[in-house]
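Below: one structure, written as structure tokens.
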Amino acid sequence: MIHSSAVVETDMVGSDVSVAEFAIVRAGVRIGNGVVIHPHVVIASGTVIGNGVEIFPGAFIGKEPKGAGATARQPTFRRVVHIGDHCSIGPHAVIYYDVEIGAHTLLGDGASVREQCRIGSHCLIGRYVTVNYNTTVGDRTKIMDLTHITGNGMVGNDVFISVLVGTTNDNALGQHAYSEETIVDPTIRDGAMIGVGVSMLPRVVIGERAVVGAGSVVTKDIPADTLAMGIPARPIRPVPARGASK
Amino acid sequence: MIHSSAVVETDMVGSDVSVAEFAIVRAGVRIGNGVVIHPHVVIASGTVIGNGVEIFPGAFIGKEPKGAGATARQPTFRRVVHIGDHCSIGPHAVIYYDVEIGAHTLLGDGASVREQCRIGSHCLIGRYVTVNYNTTVGDRTKIMDLTHITGNGMVGNDVFISVLVGTTNDNALGQHAYSEETIVDPTIRDGAMIGVGVSMLPRVVIGERAVVGAGSVVTKDIPADTLAMGIPARPIRPVPARGASK
Amino acid sequence: MIHSSAVVETDMVGSDVSVAEFAIVRAGVRIGNGVVIHPHVVIASGTVIGNGVEIFPGAFIGKEPKGAGATARQPTFRRVVHIGDHCSIGPHAVIYYDVEIGAHTLLGDGASVREQCRIGSHCLIGRYVTVNYNTTVGDRTKIMDLTHITGNGMVGNDVFISVLVGTTNDNALGQHAYSEETIVDPTIRDGAMIGVGVSMLPRVVIGERAVVGAGSVVTKDIPADTLAMGIPARPIRPVPARGASK
């Protein structure tokens, strides 16, 4: 089931694995059982793929971060990637080095996750979502299409982030040299829900189960169990208790 | 004109067809006359490609929707795709199974159209536009780059939707189990125009030839022939009659 | 270092060049010294690649603009692309014909630059940023993920544009036939900074070193050295002088 045109440089390949035409699996990659690798996929050395994972055409796993002299921050990373069991990695998705993804998580078409990120299990990372470096996402969290999660961030469990949401981590808008101390991402606590088109400024904290209305600009912390909205977002009323999400 | 490195498993190929290096055309695909298939394209079984279609590098036609255990909704679909005559399918575009696209429609780079969608003729679907499942788009409609059209939606003829527009179909923000009854997309009627950065809440109806100003958040229906704007969007004044769009 | 499965039709290849599996370099391409071309890259005829450039998997350089009968504007272009020394071109990035990119510039994953654009040196063009036709970007400018820069535009040196920023060039929202006179992009002058989620209407000018706050809708010119915000964006106060950006 390994096509003759595929390039498979590793022998750590489980049973019942399919590698399609023109896919490339580099030396040192470990592939679990029942994995399906579609055409034109590239998997770099140091990647570990769990059982039952499906990787769609053109996905690229194990990208080196690269500055080209244009970025202030010097990336640091280990040359490893872990993809949990039964994940689905969409066409043209890009996973950088030093990323860990839990079981049963879906990355949509072109989703891009940078170095030093940890993403939980049963998550949905939508199409063309971009996640910046050194960010943690909990379990059962959904981040919908075309949303950006910035670097050094923290997103909890059971969070829902709608489409076209922008988060930022730098009040100086990139004009200073990079420093871990001045670059602080928003924190989105467990069970919070962020509406379509919301913009979040650096350092803000969205409390547990808080809800941020569509189109809001969040400039200050939002307390737990509170509905907030507006520009700037202000607390409107308590959010009634919700059943456990599934 | 079929390159020796291409994988062409079907013999239903028209005249004057070009299939470039490392492209894959599965068994059961029908290819019209004068079709140009660029390198690294993947076309799955059940796809019908009209005459004069050009498919750019890395496009993937015939993707199975896949939940990976992370999505509430169970996708249903037929294993067919129809691409009308003279369409242009951009590099890295992704077309899921059970999609029909009319003639002379252009999909930009990375545009992604999910299962059970119907898109009309002479449409422009911009770069990285994501269209969710079971949505209908009329003829001569333009949806610009980086916009999201959500599921179970209806977009009319001669509609213009600017860049970075977000539509939603779920007031509960994903916390309930999926149900067709509670998930209702906005409806955008014929000739409506939606400005840059607009967010639209579920269930709203944009009337015929209505115009929604840049950055608005649409929370209620907008009447036909009306300019609306603001957060939330309110009717401002009638829109003067326009000549037929071309 | 040219893999046997790669298709290299040119002999204008510098020293110490690597071309990986299933990559395609067409006749007439010039490749500098020390260039790294990853798998599944496609480089069309007429492209000139500088020294030390790295091109990641699936990137496509030298795309013909193509209307498919859906666009009002007839594209014009020369069949050339220039990529400066030490650029990094991300996976699945798309560079159209008649584009020039300065040295040390980074294009993120899936960044897409249309015909007749000039981009300076030491720029960062983020993931899934789409740049429209005939637009000029200066040196040391950063355009973050998922932002759209529209056509016929001008972005200066040392500009910072945050994520999910939308610019537009057509007050008529696409309903007229295309005309260079009615289609005018925003101008963003040297040192300006644009916050997350900003929408910009056609014809507006953002002055030197002006700052536009998150979520603003810019409908009128913003003077130099001024902080503006709101919907519509209004000047709030002068911006204190900043040190030279690096």
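Labels for the structure tokens follow display order: chains A, B, ..., residues from 1 in each chain, ligands from 1.
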
Discussion item. Neighbouring residues of B:Ile55 were defined as those with any atom within 9 Å, considering only C-alpha atoms; residues of the same chain fewer than 3 positions away were excluded. Please report them as number ranges by chain.
Written reply: B: 35-38, 41, 58-59, 87-91

Store the residues picked out above in a file with N, CA and C atoms, as a PDB file, in the first residue's frame.
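That gives us part32.pdb:
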ATOM      1  N   VAL B  35      -9.103  20.798 -21.648  1.00  0.00           N
ATOM      2  CA  VAL B  35      -8.836  21.017 -20.216  1.00  0.00           C
ATOM      3  C   VAL B  35      -7.327  21.047 -19.975  1.00  0.00           C
ATOM      4  N   VAL B  36      -6.903  21.969 -19.092  1.00  0.00           N
ATOM      5  CA  VAL B  36      -5.491  22.063 -18.706  1.00  0.00           C
ATOM      6  C   VAL B  36      -5.363  21.733 -17.221  1.00  0.00           C
ATOM      7  N   ILE B  37      -4.623  20.689 -16.928  1.00  0.00           N
ATOM      8  CA  ILE B  37      -4.415  20.275 -15.535  1.00  0.00           C
ATOM      9  C   ILE B  37      -2.938  20.477 -15.209  1.00  0.00           C
ATOM     10  N   HIS B  38      -2.676  21.369 -14.268  1.00  0.00           N
ATOM     11  CA  HIS B  38      -1.304  21.729 -13.909  1.00  0.00           C
ATOM     12  C   HIS B  38      -0.694  20.657 -12.981  1.00  0.00           C
ATOM     13  N   VAL B  41      -1.925  18.462  -9.172  1.00  0.00           N
ATOM     14  CA  VAL B  41      -3.376  18.459  -8.965  1.00  0.00           C
ATOM     15  C   VAL B  41      -3.824  17.042  -8.615  1.00  0.00           C
ATOM     16  N   GLY B  58      -1.634  22.050  -7.426  1.00  0.00           N
ATOM     17  CA  GLY B  58      -1.967  21.705  -6.058  1.00  0.00           C
ATOM     18  C   GLY B  58      -3.444  21.706  -5.730  1.00  0.00           C
ATOM     19  N   ALA B  59      -4.318  22.032  -6.686  1.00  0.00           N
ATOM     20  CA  ALA B  59      -5.750  21.971  -6.390  1.00  0.00           C
ATOM     21  C   ALA B  59      -6.164  20.523  -6.123  1.00  0.00           C
ATOM     22  N   CYS B  87     -14.382  26.984 -16.344  1.00  0.00           N
ATOM     23  CA  CYS B  87     -14.022  27.431 -14.993  1.00  0.00           C
ATOM     24  C   CYS B  87     -12.504  27.485 -14.851  1.00  0.00           C
ATOM     25  N   SER B  88     -12.063  28.301 -13.874  1.00  0.00           N
ATOM     26  CA  SER B  88     -10.649  28.340 -13.507  1.00  0.00           C
ATOM     27  C   SER B  88     -10.558  28.010 -12.026  1.00  0.00           C
ATOM     28  N   ILE B  89      -9.829  26.959 -11.707  1.00  0.00           N
ATOM     29  CA  ILE B  89      -9.718  26.492 -10.321  1.00  0.00           C
ATOM     30  C   ILE B  89      -8.306  26.824  -9.848  1.00  0.00           C
ATOM     31  N   GLY B  90      -8.195  27.710  -8.861  1.00  0.00           N
ATOM     32  CA  GLY B  90      -6.904  28.257  -8.456  1.00  0.00           C
ATOM     33  C   GLY B  90      -5.994  27.251  -7.786  1.00  0.00           C
ATOM     34  N   PRO B  91      -4.717  27.630  -7.684  1.00  0.00           N
ATOM     35  CA  PRO B  91      -3.765  26.755  -6.993  1.00  0.00           C
ATOM     36  C   PRO B  91      -4.198  26.477  -5.562  1.00  0.00           C
TER      37      PRO B  91
END

Practice prompt. Using only C-alpha atoms, select each residue of chain B with any atom at most 7 Å away from an atom of chain C, and give the selection as a VMD selection string.
Written response: chain B and resid 86 to 88 104 to 106 122 to 124 160 163 to 164 193 196 to 197 214 to 215 245

So that I can check the surroundings of B:Val212, please list as a PDB file with N, CA and C atoms, in the first residue's frame every protein, DNA and RNA residue that reaches within 6 Å of it, counting only C-alpha atoms and ignoring chain neighbours fewer than 2 positions away.
ATOM      1  N   ILE B 194     -22.217  43.720   0.268  1.00  0.00           N
ATOM      2  CA  ILE B 194     -21.780  43.653   1.659  1.00  0.00           C
ATOM      3  C   ILE B 194     -20.365  44.221   1.722  1.00  0.00           C
ATOM      4  N   GLY B 195     -20.141  45.219   2.579  1.00  0.00           N
ATOM      5  CA  GLY B 195     -18.848  45.888   2.647  1.00  0.00           C
ATOM      6  C   GLY B 195     -17.783  45.093   3.379  1.00  0.00           C
ATOM      7  N   LEU B 227     -29.678  51.193   2.371  1.00  0.00           N
ATOM      8  CA  LEU B 227     -28.315  51.232   2.898  1.00  0.00           C
ATOM      9  C   LEU B 227     -28.389  51.106   4.409  1.00  0.00           C
ATOM     10  N   ALA B 228     -27.631  50.157   4.959  1.00  0.00           N
ATOM     11  CA  ALA B 228     -27.587  49.987   6.409  1.00  0.00           C
ATOM     12  C   ALA B 228     -26.137  49.985   6.843  1.00  0.00           C
ATOM     13  N   MET B 229     -25.901  50.489   8.044  1.00  0.00           N
ATOM     14  CA  MET B 229     -24.543  50.393   8.587  1.00  0.00           C
ATOM     15  C   MET B 229     -24.558  50.569  10.086  1.00  0.00           C
TER      16      MET B 229
END

Write out as a PDB file with C-alpha atoms, in the first residue's frame all residues of stretch 13-112 of chain B that backbone DSSP assigns to strand (DSSP E).
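So result.pdb came out as:
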ATOM      1  CA  VAL B  13     -10.561  12.156 -21.380  1.00  0.00           C
ATOM      2  CA  SER B  18      -3.058  18.559 -20.987  1.00  0.00           C
ATOM      3  CA  VAL B  19      -2.137  16.791 -17.750  1.00  0.00           C
ATOM      4  CA  ILE B  24      -3.377  12.529 -10.429  1.00  0.00           C
ATOM      5  CA  VAL B  25      -6.688  11.817 -12.132  1.00  0.00           C
ATOM      6  CA  ARG B  30     -14.565  12.552 -16.879  1.00  0.00           C
ATOM      7  CA  ILE B  31     -12.455  15.290 -18.460  1.00  0.00           C
ATOM      8  CA  VAL B  36      -5.491  22.063 -18.706  1.00  0.00           C
ATOM      9  CA  ILE B  37      -4.415  20.275 -15.535  1.00  0.00           C
ATOM     10  CA  VAL B  42      -5.461  15.639  -7.458  1.00  0.00           C
ATOM     11  CA  ILE B  43      -8.892  14.809  -8.916  1.00  0.00           C
ATOM     12  CA  THR B  47     -15.589  14.228 -10.709  1.00  0.00           C
ATOM     13  CA  VAL B  48     -16.828  15.627 -14.019  1.00  0.00           C
ATOM     14  CA  ILE B  49     -14.738  18.445 -15.517  1.00  0.00           C
ATOM     15  CA  GLU B  54      -7.989  25.124 -16.191  1.00  0.00           C
ATOM     16  CA  ILE B  55      -6.908  23.649 -12.859  1.00  0.00           C
ATOM     17  CA  PHE B  60      -7.637  19.052  -4.863  1.00  0.00           C
ATOM     18  CA  ILE B  61     -11.062  18.134  -6.216  1.00  0.00           C
ATOM     19  CA  GLY B  62     -13.225  15.527  -4.521  1.00  0.00           C
ATOM     20  CA  LYS B  63     -12.346  15.691  -0.839  1.00  0.00           C
ATOM     21  CA  VAL B  81     -18.312  16.885  -8.286  1.00  0.00           C
ATOM     22  CA  HIS B  82     -19.383  18.848 -11.375  1.00  0.00           C
ATOM     23  CA  ILE B  83     -17.169  21.675 -12.659  1.00  0.00           C
ATOM     24  CA  SER B  88     -10.649  28.340 -13.507  1.00  0.00           C
ATOM     25  CA  ILE B  89      -9.718  26.492 -10.321  1.00  0.00           C
ATOM     26  CA  VAL B  94     -10.110  22.465  -2.363  1.00  0.00           C
ATOM     27  CA  ILE B  95     -13.489  21.276  -3.592  1.00  0.00           C
ATOM     28  CA  TYR B  96     -15.231  18.700  -1.443  1.00  0.00           C
ATOM     29  CA  VAL B  99     -20.327  20.170  -5.141  1.00  0.00           C
ATOM     30  CA  GLU B 100     -21.622  21.641  -8.384  1.00  0.00           C
ATOM     31  CA  ILE B 101     -20.051  24.724  -9.988  1.00  0.00           C
ATOM     32  CA  LEU B 106     -13.290  31.371 -11.014  1.00  0.00           C
ATOM     33  CA  LEU B 107     -12.047  29.962  -7.712  1.00  0.00           C
ATOM     34  CA  SER B 112     -12.337  25.929  -0.265  1.00  0.00           C
TER      35      SER B 112
END

Worksheet item: Hey, what's within 9 Å of A:Gly28 if we count only C-alpha atoms and toss same-chain stuff fewer than 4 positions away? As a list in words, please?
Response: Glu9, Thr10, Asp11, Met12, Ala44, Ser45, Gly46, Thr47 and Val48 of chain A

Can you write out the residues you just picked, keeping C-alpha atoms, as a short mmCIF file (atom, residue, chain, number, x, y, z; two decimals), in the first residue's frame?
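Generated output (selection-v4.cif):
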data_model
loop_
_atom_site.label_atom_id
_atom_site.label_comp_id
_atom_site.auth_asym_id
_atom_site.auth_seq_id
_atom_site.Cartn_x
_atom_site.Cartn_y
_atom_site.Cartn_z
CA GLU A 9 12.93 6.82 3.85
CA THR A 10 11.89 5.36 7.22
CA ASP A 11 11.18 1.76 8.14
CA MET A 12 9.20 2.69 11.28
CA ALA A 44 9.95 15.75 7.80
CA SER A 45 12.33 13.82 10.06
CA GLY A 46 11.43 13.72 13.73
CA THR A 47 7.68 13.46 13.20
CA VAL A 48 5.63 10.84 15.05
#

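Comparing the minimum interatomic distances between C:Met1 and each of C:Gly84, C:Pro75, C:Gly191, C:Gly34, counting only C-alpha atoms, we find that C:Gly34 sits nearest.
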
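For C:Asn152, the list of residues within 6 Å, based on only C-alpha atoms and with local chain neighbours fewer than 5 positions off taken out, reads Asn134, Thr135 and Asp185 of chain C.
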
With N, CA and C atoms retained, could you export that selection as a compact mmCIF listing (two decimals), in the first residue's frame?
# COMPACT_ATOMS: atom_id res chain seq x y z
N ASN C 134 -0.90 45.24 -9.10
CA ASN C 134 -0.37 46.59 -9.30
C ASN C 134 -0.21 47.38 -8.00
N THR C 135 0.26 46.72 -6.96
CA THR C 135 0.44 47.36 -5.67
C THR C 135 1.92 47.39 -5.32
N ASP C 185 -6.88 52.69 -4.48
CA ASP C 185 -6.60 52.01 -3.25
C ASP C 185 -6.22 52.99 -2.15
